[in-house]
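Content type compact mmCIF, C-alpha atoms, from the file final_2.txt:
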# COMPACT_ATOMS: atom_id res chain seq x y z
CA MET G 1 99.36 79.72 71.96
CA LEU G 2 98.92 82.92 73.99
CA SER G 3 96.15 83.02 76.60
CA VAL G 4 93.24 85.46 76.63
CA ALA G 5 94.85 87.27 79.58
CA GLU G 6 98.09 87.63 77.61
CA LEU G 7 96.18 88.95 74.59
CA LYS G 8 94.34 91.45 76.79
CA ASN G 9 97.68 92.70 78.13
CA MET G 10 98.74 93.44 74.56
CA ILE G 11 95.85 95.85 73.99
CA ARG G 12 96.83 99.43 74.68
CA GLU G 13 94.49 101.82 76.46
CA ILE G 14 94.52 105.41 75.19
CA PRO G 15 93.02 107.80 77.76
CA ASP G 16 90.65 110.55 76.58
CA TRP G 17 90.47 109.38 72.96
CA PRO G 18 88.58 110.10 70.77
CA LYS G 19 87.12 112.42 73.41
CA PRO G 20 87.63 113.25 77.12
CA GLY G 21 86.48 110.53 79.49
CA VAL G 22 86.77 107.68 76.98
CA SER G 23 89.51 105.05 77.44
CA PHE G 24 90.05 103.79 73.88
CA LYS G 25 91.07 100.15 73.45
CA ASP G 26 93.81 100.24 70.81
CA ILE G 27 94.15 96.79 69.24
CA THR G 28 97.03 97.74 66.93
CA THR G 29 99.52 96.70 69.62
CA LEU G 30 98.03 93.19 69.54
CA LEU G 31 97.58 93.02 65.76
CA LYS G 32 101.21 93.80 65.01
CA ASP G 33 102.44 90.71 66.86
CA GLY G 34 102.17 87.63 64.62
CA GLU G 35 101.82 85.19 67.50
CA ALA G 36 99.13 87.31 69.16
CA TRP G 37 97.19 87.80 65.94
CA LYS G 38 97.27 84.04 65.27
CA ALA G 39 96.00 83.36 68.82
CA ALA G 40 93.29 86.04 68.69
CA VAL G 41 91.84 84.79 65.41
CA THR G 42 92.07 81.16 66.51
CA HIS G 43 90.28 82.03 69.75
CA MET G 44 87.50 83.87 67.90
CA ALA G 45 87.16 80.97 65.43
CA SER G 46 86.85 78.54 68.35
CA LEU G 47 83.95 80.62 69.72
CA CYS G 48 82.19 80.92 66.34
CA TRP G 49 82.67 77.67 64.42
CA LYS G 50 79.61 76.01 65.99
CA TYR G 51 77.34 78.60 64.35
CA LYS G 52 78.43 77.31 60.91
CA PRO G 53 78.31 80.69 59.15
CA ASP G 54 78.32 80.87 55.35
CA VAL G 55 79.58 84.46 55.45
CA VAL G 56 81.11 86.89 57.94
CA VAL G 57 79.78 90.45 57.62
CA ALA G 58 81.51 93.49 59.13
CA PRO G 59 81.37 97.30 58.91
CA GLU G 60 84.43 99.25 57.78
CA ALA G 61 87.22 99.77 58.63
CA ARG G 62 88.47 98.00 61.78
CA GLY G 63 85.68 95.46 61.38
CA PHE G 64 87.31 94.32 58.13
CA ILE G 65 90.47 93.34 60.01
CA ILE G 66 88.52 91.00 62.26
CA ALA G 67 86.16 89.69 59.57
CA SER G 68 88.75 88.88 56.94
CA ALA G 69 90.96 86.56 58.97
CA LEU G 70 88.03 85.05 60.85
CA ALA G 71 86.22 84.24 57.58
CA TYR G 72 89.40 82.62 56.25
CA ALA G 73 89.85 80.59 59.46
CA LEU G 74 86.21 79.43 59.36
CA GLY G 75 86.14 78.72 55.60
CA ALA G 76 83.39 81.33 55.20
CA GLY G 77 83.00 84.24 52.80
CA CYS G 78 83.69 87.82 53.83
CA VAL G 79 81.16 90.60 53.13
CA PRO G 80 82.01 94.29 53.66
CA ILE G 81 79.56 96.93 54.85
CA ARG G 82 80.77 100.38 53.87
CA LYS G 83 80.14 104.06 54.30
CA LYS G 84 78.05 105.81 51.65
CA GLY G 85 79.35 105.77 48.10
CA LYS G 86 82.15 103.23 48.53
CA LEU G 87 80.49 100.08 47.13
CA PRO G 88 80.42 99.95 43.33
CA SER G 89 77.22 97.96 42.65
CA GLU G 90 73.57 98.39 43.74
CA THR G 91 73.20 98.73 47.52
CA ILE G 92 70.69 98.87 50.32
CA ARG G 93 71.25 101.60 52.92
CA GLY G 94 70.72 102.17 56.60
CA GLU G 95 71.19 105.26 58.70
CA TYR G 96 72.60 105.07 62.19
CA GLN G 97 72.93 107.62 64.95
CA LEU G 98 76.23 109.09 66.04
CA GLU G 99 76.59 111.30 69.08
CA TYR G 100 76.16 114.31 66.82
CA GLY G 101 74.18 113.62 63.68
CA SER G 102 74.07 110.36 61.76
CA ASP G 103 75.91 108.32 59.18
CA VAL G 104 74.93 105.92 56.41
CA LEU G 105 76.05 102.31 55.91
CA GLU G 106 75.63 100.36 52.67
CA LEU G 107 75.53 96.69 51.72
CA HIS G 108 75.51 95.26 48.19
CA ARG G 109 72.00 94.11 47.32
CA ASP G 110 73.44 90.83 46.00
CA ALA G 111 75.86 90.32 48.92
CA PHE G 112 74.19 86.99 49.82
CA GLU G 113 71.04 84.98 49.18
CA PRO G 114 68.07 85.01 51.59
CA GLY G 115 68.54 82.31 54.22
CA THR G 116 72.33 82.63 54.24
CA ARG G 117 73.86 81.97 57.68
CA VAL G 118 75.55 85.23 58.66
CA LEU G 119 78.09 85.88 61.42
CA VAL G 120 78.14 89.62 62.14
CA VAL G 121 81.43 90.88 63.60
CA ASP G 122 83.23 94.02 64.69
CA ASP G 123 86.33 94.78 66.70
CA VAL G 124 84.63 96.30 69.77
CA LEU G 125 81.14 96.09 71.28
CA ALA G 126 80.59 99.45 72.99
CA THR G 127 77.18 101.14 72.74
CA GLY G 128 76.13 98.83 69.90
CA GLY G 129 75.01 101.52 67.45
CA THR G 130 77.04 100.46 64.43
CA ILE G 131 76.45 96.76 64.93
CA SER G 132 72.68 97.28 65.24
CA ALA G 133 72.66 99.11 61.92
CA THR G 134 74.75 96.29 60.42
CA ILE G 135 72.29 93.65 61.65
CA ASP G 136 69.37 95.64 60.22
CA LEU G 137 70.99 95.60 56.78
CA VAL G 138 71.72 91.86 56.98
CA ARG G 139 68.10 91.15 57.91
CA GLN G 140 66.78 93.38 55.12
CA LEU G 141 68.51 91.02 52.69
CA GLY G 142 66.96 88.00 54.42
CA GLY G 143 70.16 86.85 56.11
CA GLU G 144 69.91 84.65 59.19
CA VAL G 145 72.08 86.23 61.90
CA VAL G 146 73.48 83.08 63.55
CA ALA G 147 75.69 85.06 65.98
CA VAL G 148 77.33 88.42 66.62
CA ALA G 149 81.02 88.31 67.58
CA PHE G 150 83.55 90.84 68.85
CA LEU G 151 87.23 90.76 69.66
CA ILE G 152 86.51 93.06 72.63
CA GLU G 153 83.37 93.67 74.68
CA LEU G 154 83.06 96.67 77.02
CA THR G 155 80.67 95.11 79.53
CA TYR G 156 80.26 98.42 81.40
CA LEU G 157 78.42 99.85 78.37
CA PRO G 158 74.91 98.74 77.34
CA GLY G 159 75.83 97.31 73.92
CA ARG G 160 74.66 93.78 74.69
CA GLU G 161 71.18 95.05 75.61
CA LYS G 162 70.76 96.26 72.04
CA LEU G 163 71.47 92.73 70.81
CA THR G 164 68.76 90.92 72.78
CA GLY G 165 67.59 87.83 70.93
CA TYR G 166 70.95 87.21 69.24
CA GLU G 167 73.81 84.92 70.21
CA VAL G 168 76.59 87.33 71.27
CA VAL G 169 80.19 86.22 71.81
CA SER G 170 83.36 88.15 72.61
CA ALA G 171 86.96 87.05 72.98
CA ILE G 172 88.16 89.66 75.51
CA GLN G 173 86.06 91.49 78.09
CA TYR G 174 86.54 94.75 80.00
CA MET K 1 91.10 74.42 45.60
CA LEU K 2 89.89 76.87 42.94
CA SER K 3 92.34 77.87 40.22
CA VAL K 4 93.52 81.42 39.52
CA ALA K 5 91.37 81.46 36.35
CA GLU K 6 88.32 80.47 38.40
CA LEU K 7 89.08 83.17 40.97
CA LYS K 8 89.44 85.76 38.21
CA ASN K 9 86.02 84.75 36.85
CA MET K 10 84.51 85.53 40.25
CA ILE K 11 85.67 89.17 40.16
CA ARG K 12 82.99 91.47 38.79
CA GLU K 13 83.82 94.32 36.44
CA ILE K 14 81.84 97.52 36.98
CA PRO K 15 82.00 99.76 33.88
CA ASP K 16 82.50 103.51 34.34
CA TRP K 17 83.05 103.38 38.10
CA PRO K 18 84.12 105.40 40.00
CA LYS K 19 84.29 107.55 36.86
CA PRO K 20 83.65 107.23 33.10
CA GLY K 21 86.21 105.11 31.27
CA VAL K 22 87.31 103.10 34.30
CA SER K 23 86.39 99.42 34.55
CA PHE K 24 86.39 98.81 38.32
CA LYS K 25 87.41 95.36 39.53
CA ASP K 26 84.89 94.52 42.26
CA ILE K 27 86.34 91.80 44.50
CA THR K 28 83.25 91.54 46.74
CA THR K 29 81.85 88.82 44.47
CA LEU K 30 84.97 86.73 45.17
CA LEU K 31 85.22 87.59 48.88
CA LYS K 32 81.68 86.47 49.67
CA ASP K 33 82.39 82.90 48.55
CA GLY K 34 84.10 80.97 51.34
CA GLU K 35 85.85 78.54 49.01
CA ALA K 36 87.11 81.37 46.79
CA TRP K 37 88.32 83.44 49.73
CA LYS K 38 90.19 80.44 51.14
CA ALA K 39 91.83 79.84 47.74
CA ALA K 40 92.71 83.50 47.17
CA VAL K 41 94.42 83.89 50.55
CA THR K 42 96.19 80.55 50.21
CA HIS K 43 97.44 81.56 46.76
CA MET K 44 98.72 84.92 48.04
CA ALA K 45 100.38 83.21 51.01
CA SER K 46 102.09 80.77 48.64
CA LEU K 47 103.55 83.74 46.71
CA CYS K 48 104.67 85.59 49.85
CA TRP K 49 105.87 83.04 52.42
CA LYS K 50 109.42 82.96 51.02
CA TYR K 51 109.90 86.63 51.98
CA LYS K 52 109.43 85.69 55.67
CA PRO K 53 107.67 88.91 56.70
CA ASP K 54 107.35 89.81 60.37
CA VAL K 55 104.40 92.09 59.63
CA VAL K 56 101.97 92.79 56.79
CA VAL K 57 101.21 96.49 56.31
CA ALA K 58 98.22 97.79 54.32
CA PRO K 59 96.30 101.04 53.75
CA GLU K 60 92.61 101.25 54.65
CA ALA K 61 90.03 100.07 53.87
CA ARG K 62 90.10 97.31 51.22
CA GLY K 63 93.77 96.75 51.96
CA PHE K 64 92.80 95.61 55.47
CA ILE K 65 90.74 92.76 54.01
CA ILE K 66 93.76 91.39 52.18
CA ALA K 67 96.31 92.10 54.93
CA SER K 68 94.37 90.60 57.82
CA ALA K 69 93.83 87.12 56.42
CA LEU K 70 97.24 87.04 54.72
CA ALA K 71 99.00 87.97 57.97
CA TYR K 72 97.08 85.23 59.78
CA ALA K 73 97.96 82.68 57.08
CA LEU K 74 101.66 83.66 57.22
CA GLY K 75 101.85 83.88 61.02
CA ALA K 76 102.79 87.54 60.73
CA GLY K 77 101.46 90.64 62.47
CA CYS K 78 99.05 93.02 60.77
CA VAL K 79 99.68 96.79 60.74
CA PRO K 80 97.05 99.28 59.53
CA ILE K 81 97.81 102.51 57.69
CA ARG K 82 94.91 104.91 58.03
CA LYS K 83 93.51 108.20 56.82
CA LYS K 84 94.20 111.28 58.94
CA GLY K 85 92.91 111.29 62.51
CA LYS K 86 91.91 107.62 62.74
CA LEU K 87 94.89 106.18 64.65
CA PRO K 88 94.80 106.87 68.40
CA SER K 89 98.52 107.06 69.26
CA GLU K 90 101.43 109.12 67.92
CA THR K 91 101.81 108.83 64.13
CA ILE K 92 104.01 109.70 61.21
CA ARG K 93 102.27 111.12 58.15
CA GLY K 94 102.61 111.13 54.39
CA GLU K 95 100.71 113.02 51.75
CA TYR K 96 99.82 111.39 48.45
CA GLN K 97 98.36 112.77 45.26
CA LEU K 98 94.86 112.02 44.08
CA GLU K 99 93.57 113.06 40.67
CA TYR K 100 92.19 116.23 42.24
CA GLY K 101 94.05 117.32 45.36
CA SER K 102 95.75 115.08 47.88
CA ASP K 103 95.11 112.95 50.95
CA VAL K 104 97.06 112.05 54.08
CA LEU K 105 98.00 108.59 55.36
CA GLU K 106 99.19 107.86 58.89
CA LEU K 107 101.16 105.08 60.56
CA HIS K 108 101.73 104.61 64.30
CA ARG K 109 105.26 105.68 65.18
CA ASP K 110 105.68 102.48 67.23
CA ALA K 111 104.06 100.20 64.61
CA PHE K 112 107.28 98.16 64.31
CA GLU K 113 110.99 98.30 65.15
CA PRO K 114 113.64 99.41 62.63
CA GLY K 115 114.82 96.40 60.62
CA THR K 116 111.43 94.65 60.75
CA ARG K 117 110.68 92.59 57.61
CA VAL K 118 107.59 94.21 56.09
CA LEU K 119 105.27 92.84 53.41
CA VAL K 120 103.29 95.77 51.97
CA VAL K 121 99.92 94.77 50.47
CA ASP K 122 96.80 96.19 48.88
CA ASP K 123 93.87 94.79 46.93
CA VAL K 124 94.71 96.31 43.53
CA LEU K 125 97.86 97.69 41.90
CA ALA K 126 96.65 100.40 39.51
CA THR K 127 98.65 103.64 39.23
CA GLY K 128 100.58 102.86 42.40
CA GLY K 129 99.97 106.16 44.21
CA THR K 130 98.62 104.82 47.48
CA ILE K 131 101.11 101.98 47.68
CA SER K 132 104.06 104.33 47.08
CA ALA K 133 102.90 106.52 49.96
CA THR K 134 102.53 103.40 52.10
CA ILE K 135 106.07 102.27 51.29
CA ASP K 136 107.42 105.74 52.11
CA LEU K 137 105.88 105.55 55.58
CA VAL K 138 107.24 102.04 56.17
CA ARG K 139 110.74 103.18 55.21
CA GLN K 140 110.52 106.29 57.42
CA LEU K 141 110.16 103.89 60.36
CA GLY K 142 113.15 101.88 59.18
CA GLY K 143 111.15 98.90 57.95
CA GLU K 144 112.71 96.59 55.37
CA VAL K 145 110.19 96.20 52.52
CA VAL K 146 110.77 92.54 51.62
CA ALA K 147 107.99 92.51 48.99
CA VAL K 148 104.87 94.29 47.77
CA ALA K 149 101.86 92.06 47.07
CA PHE K 150 98.44 92.57 45.46
CA LEU K 151 95.41 90.40 44.90
CA ILE K 152 94.98 92.07 41.50
CA GLU K 153 97.43 93.81 39.18
CA LEU K 154 96.26 95.98 36.29
CA THR K 155 99.23 95.44 34.01
CA TYR K 156 97.95 98.03 31.49
CA LEU K 157 98.59 100.78 34.06
CA PRO K 158 102.10 101.93 35.08
CA GLY K 159 101.85 100.95 38.77
CA ARG K 160 104.76 98.50 38.65
CA GLU K 161 107.09 101.21 37.30
CA LYS K 162 106.60 103.14 40.53
CA LEU K 163 107.80 100.09 42.49
CA THR K 164 111.15 99.64 40.76
CA GLY K 165 113.68 98.06 43.12
CA TYR K 166 111.07 96.12 45.09
CA GLU K 167 109.90 92.54 44.76
CA VAL K 168 106.36 92.84 43.40
CA VAL K 169 103.91 89.92 43.30
CA SER K 170 100.26 89.69 42.32
CA ALA K 171 97.79 86.80 42.38
CA ILE K 172 95.55 87.81 39.46
CA GLN K 173 96.50 89.91 36.44
CA TYR K 174 94.48 91.97 33.95

Let's see the structure in the file written out as structure tokens.
Amino acid sequence: MLSVAELKNMIREIPDWPKPGVSFKDITTLLKDGEAWKAAVTHMASLCWKYKPDVVVAPEARGFIIASALAYALGAGCVPIRKKGKLPSETIRGEYQLEYGSDVLELHRDAFEPGTRVLVVDDVLATGGTISATIDLVRQLGGEVVAVAFLIELTYLPGREKLTGYEVVSAIQY
Amino acid sequence: MLSVAELKNMIREIPDWPKPGVSFKDITTLLKDGEAWKAAVTHMASLCWKYKPDVVVAPEARGFIIASALAYALGAGCVPIRKKGKLPSETIRGEYQLEYGSDVLELHRDAFEPGTRVLVVDDVLATGGTISATIDLVRQLGGEVVAVAFLIELTYLPGREKLTGYEVVSAIQY
């Protein structure tokens, strides 16, 4: 099984994307390698299994890639949070701030029962805006956020400060 | 392990969505159940393992949910195809027709080497438009499409006709 250092080496950094000054962490170069993807999911599952989640919840679209395999590995369900108008049944909505303007996330009102143990995940913890909005929606439905997990954490950004009070785990740190 | 009939019963039908006359197959009611998700992925893996794919390729966003766990289960890599402007490195592009107008899909130019064994997947085979565009991109990169797999196939629509010459498998049929 590949080590965390080996997995980190497989992530590609894209300078000045999506805007000048940002070094984007491109996980597609890790994902496309079967051995690396197996190791990354296994590593995340090893960090998360003790929280005994019933469901894994993630925002679209890269979050789905992490949530789907992790839910399968943990024997949990997988619950998508989507942009406005994409979910077909009744939803609850939350607005979150982008650098310019805002966007809306939706969660099916019947996505889980109150008291459900929820693992919230995304690919990258950066400023924490999207994941905070995701947690708000989960709590509106009465979900118990047992932990918040990321494949990558950018420790030089203040994302973790926004998650005070929650168990936060990440597989790979920068 | 749940049977295919039990899995099918867990899919919710949403009448007249996204437009009048369409009965949308909502898989979120299956996904959110850990036992059902485990069975669905295991069933798809059992249909696909014989094709020995190196990578699983899927279009965003629901396709990612199927591809990610299936790739993990098969020990394959996972390659995302995205809408315009979402992938950070150099891409190839394909246009595909929607009912009104068209949309663009992109694939990283270095997503895989020529000759790679590719399993193309999506959640639902309906008219086959998106999956045909996905296959075109895979072939532009020299990928060998070893099979095309879906969680759900709507056999009353002509999607399979668009995939003549390919191995096509689906876990649940309507």

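With distances restricted to all atoms listed in the file, K:Pro59 is the closest residue to Ser132 (chain K) from K:Pro114, K:Pro59, K:Gly77, K:Gly101.
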
- To one decimal place, how far is CA of Thr164 (chain K) from CA of Gly128 (chain K) in Å? 11.2 Å

- Task: Dump as JSON, numbers by chain the residues of chain K that approach chain G to within 8 Å, counting all atoms listed in the file.
- Result: {"K": [14, 17, 18, 24, 26, 28, 29, 31, 32, 33, 34, 35, 36, 37, 38, 41, 54, 55, 60, 61, 64, 65, 66, 67, 68, 69, 70, 71, 72, 75, 76, 77, 78, 79, 80, 88, 89, 111, 112]}

Once you have the residues from the selection above, write them out as a compact mmCIF listing (two decimals), in the coordinates of the input, restricted to C-alpha atoms.
# COMPACT_ATOMS: atom_id res chain seq x y z
CA ILE K 14 81.84 97.52 36.98
CA TRP K 17 83.05 103.38 38.10
CA PRO K 18 84.12 105.40 40.00
CA PHE K 24 86.39 98.81 38.32
CA ASP K 26 84.89 94.52 42.26
CA THR K 28 83.25 91.54 46.74
CA THR K 29 81.85 88.82 44.47
CA LEU K 31 85.22 87.59 48.88
CA LYS K 32 81.68 86.47 49.67
CA ASP K 33 82.39 82.90 48.55
CA GLY K 34 84.10 80.97 51.34
CA GLU K 35 85.85 78.54 49.01
CA ALA K 36 87.11 81.37 46.79
CA TRP K 37 88.32 83.44 49.73
CA LYS K 38 90.19 80.44 51.14
CA VAL K 41 94.42 83.89 50.55
CA ASP K 54 107.35 89.81 60.37
CA VAL K 55 104.40 92.09 59.63
CA GLU K 60 92.61 101.25 54.65
CA ALA K 61 90.03 100.07 53.87
CA PHE K 64 92.80 95.61 55.47
CA ILE K 65 90.74 92.76 54.01
CA ILE K 66 93.76 91.39 52.18
CA ALA K 67 96.31 92.10 54.93
CA SER K 68 94.37 90.60 57.82
CA ALA K 69 93.83 87.12 56.42
CA LEU K 70 97.24 87.04 54.72
CA ALA K 71 99.00 87.97 57.97
CA TYR K 72 97.08 85.23 59.78
CA GLY K 75 101.85 83.88 61.02
CA ALA K 76 102.79 87.54 60.73
CA GLY K 77 101.46 90.64 62.47
CA CYS K 78 99.05 93.02 60.77
CA VAL K 79 99.68 96.79 60.74
CA PRO K 80 97.05 99.28 59.53
CA PRO K 88 94.80 106.87 68.40
CA SER K 89 98.52 107.06 69.26
CA ALA K 111 104.06 100.20 64.61
CA PHE K 112 107.28 98.16 64.31

- Message: At a cut-off of 7 Å, using only C-alpha atoms, what residues contact Val168 (chain K)? Leave out same-chain residues fewer than 6 positions from it and give the result as an MDAnalysis selection string.
- Response: chainID K and resid 147:149

- Could you check how far CA of Glu6 (chain K) sits from CA of Thr127 (chain K), in Å to one decimal?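 For CA of Glu6 (chain K) relative to CA of Thr127 (chain K), the distance reads 25.4 Å.
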
- May I ask for the distance between CA of Lys162 (chain K) and CA of Met44 (chain K), given in Å to one decimal place? 21.2 Å

- Contact residues around Thr130 (chain K) with all atoms listed in the file at 12 Å, ignoring same-chain residues under 5 positions, as number ranges by chain: K: 58-63, 81-83, 94-99, 102-106, 120-125, 135-137, 159, 162-163

- Query: Quick one: residues within 7 Å of Ala171 (chain G), all atoms listed in the file counted, chain neighbours fewer than 4 positions away excluded, as a ChimeraX atom specification?
  - Reply: /G:43-44,150-152
